[in-house]
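Quick notes on the structure that follows.
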Amino acid sequence: MMLLNVESEEKKSENQKETFSLSGCFPKEWVSLTNEPERLETLTCCLCNQIVNNGMELCCDEHENVDQVYLIGEECLQKYLKQNNGKCPIEQHDHCKFSQSRIVRKFASELLVICPRQFDLKKRQLNEEMKSREEEEENDTELISKSNCNFKGKIKDMKDHLDRSCNLIPIKQIIPSEIVNELNVMNKQIQDLQSQIKIMKENDNKKNKQIEQINVNNFI
């Protein structure tokens, strides 16, 4: 199978992306947790090698007699055609033809999966455990791990679950520990500044009282 070329920057940000996408193909690592490998082989995108989302079937005349059925996720196909001047991803010929595969789309939408945020959370925790994190980051991870989502349902119902009933925070909303540390430092600086202002006000009040007392004594 052909694999879609992925830029290095996209690889670096891969761990920051959410598993579930309305348009992109579904990660095989996630879907395979609750589905047989044999079933998933027939639903694999021939560009990204993940599980097709909005499956398309190539139907070019150039490979009409080939036994293999070429399935591609719609987003993968559109991206590839845009990057390669509309050439077919299989044989690099012009005039690539494709159509929606309703059967594949139905099968993919019926796949049972766990909550993608729960999957992302566990994956993130494992990645953090493998790295040498500071104690503050480890404490932050322990707090996050107290929340769980036990949802298991069909992919077609996932958006409704995430919008209405999931109690986990999307990965893009989890504040990185570096930012948390910076905010804590800024908060400490603000508190110190407020303390200094309070002391200055108290000193000013003392001076004003002393001046008032001196004026009273002079008047007497």
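A note on labels: chains of the structure tokens are A, B, ... as shown, every chain counts residues from 1, and ligands are counted from 1 in their shown order.
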
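Excluding segment 38-40 of chain A itself and same-chain residues fewer than 4 positions from it, the residues having an atom within 8 Å of it are Ser32, Thr44 and Ile51 of chain A, counting only C-alpha atoms.
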
Atoms kept (C-alpha atoms) for selection, written as an mmCIF file, in the first residue's frame:
data_model
loop_
_atom_site.group_PDB
_atom_site.id
_atom_site.type_symbol
_atom_site.label_atom_id
_atom_site.label_comp_id
_atom_site.auth_asym_id
_atom_site.auth_seq_id
_atom_site.Cartn_x
_atom_site.Cartn_y
_atom_site.Cartn_z
ATOM 1 C CA SER A 32 -8.379 -1.961 16.620
ATOM 2 C CA THR A 44 -8.065 0.546 5.392
ATOM 3 C CA ILE A 51 -9.369 3.346 8.874
#

So which bits of segment 33-205 of chain A end up strand (DSSP E or B) when you DSSP the backbone, as a PDB file with C-alpha atoms, in the first residue's frame?
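result-v9.pdb, freshly written:
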ATOM      1  CA  THR A  44      -8.065   0.546   5.392  1.00  0.00           C
ATOM      2  CA  ILE A  51      -9.369   3.346   8.874  1.00  0.00           C
ATOM      3  CA  GLY A  55     -14.659   6.234   2.138  1.00  0.00           C
ATOM      4  CA  MET A  56     -14.031   6.813  -1.566  1.00  0.00           C
ATOM      5  CA  GLU A  57     -13.306   4.143  -4.196  1.00  0.00           C
ATOM      6  CA  LEU A  58     -10.957   4.738  -7.116  1.00  0.00           C
ATOM      7  CA  LEU A  71     -10.302   2.589  -0.849  1.00  0.00           C
ATOM      8  CA  ILE A  72      -9.261   6.057   0.298  1.00  0.00           C
ATOM      9  CA  GLY A  73     -10.573   8.452   2.918  1.00  0.00           C
ATOM     10  CA  PHE A  98     -13.426   8.148  -7.904  1.00  0.00           C
ATOM     11  CA  SER A  99     -16.821   7.734  -6.287  1.00  0.00           C
ATOM     12  CA  GLN A 100     -18.353   7.436  -2.843  1.00  0.00           C
ATOM     13  CA  LEU A 112     -17.652  -0.035  17.890  1.00  0.00           C
ATOM     14  CA  VAL A 113     -15.035   2.129  19.617  1.00  0.00           C
ATOM     15  CA  ILE A 114     -14.211   3.496  23.045  1.00  0.00           C
ATOM     16  CA  LYS A 152     -18.338   2.453  24.120  1.00  0.00           C
ATOM     17  CA  GLY A 153     -20.428   2.955  21.015  1.00  0.00           C
ATOM     18  CA  LYS A 154     -20.553   3.306  17.252  1.00  0.00           C
TER      19      LYS A 154
END

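Distances here use only C-alpha atoms; by that measure, the residue among A:Asn167, A:Gln50, A:Asn150, A:Asn65 closest to Gly24 of chain A is A:Gln50.
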
**OP:** Taking the DSSP assignment computed from this structure's backbone, write out as a PyMOL selection string all residues of segment 37-219 of chain A that belong to alpha helix (DSSP H).
**Re:** chain A and resi 37-41+74-83+102-109+116-130+135-145+158-164+177-219

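Candidate residues A:Val69, A:Asn205, A:Cys115, A:Ser21 were compared for distance to Glu41 of chain A, and the nearest is A:Val69, using only C-alpha atoms.
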
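Minimum atom-to-atom distances from A:Glu202, A:Leu77, A:Cys96, A:Gln125 to Glu64 of chain A were compared using only C-alpha atoms, and the lowest value belongs to A:Cys96.
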
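For the pair atom CA of Ser23 of chain A and atom CA of Val52 of chain A, the separation is 9.7 Å.
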
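For the residues A:Gln92, A:Asn84, A:Gln118, A:Gln189, ranking by smallest atom-to-atom distance to Cys166 of chain A using only C-alpha atoms places A:Gln118 first.
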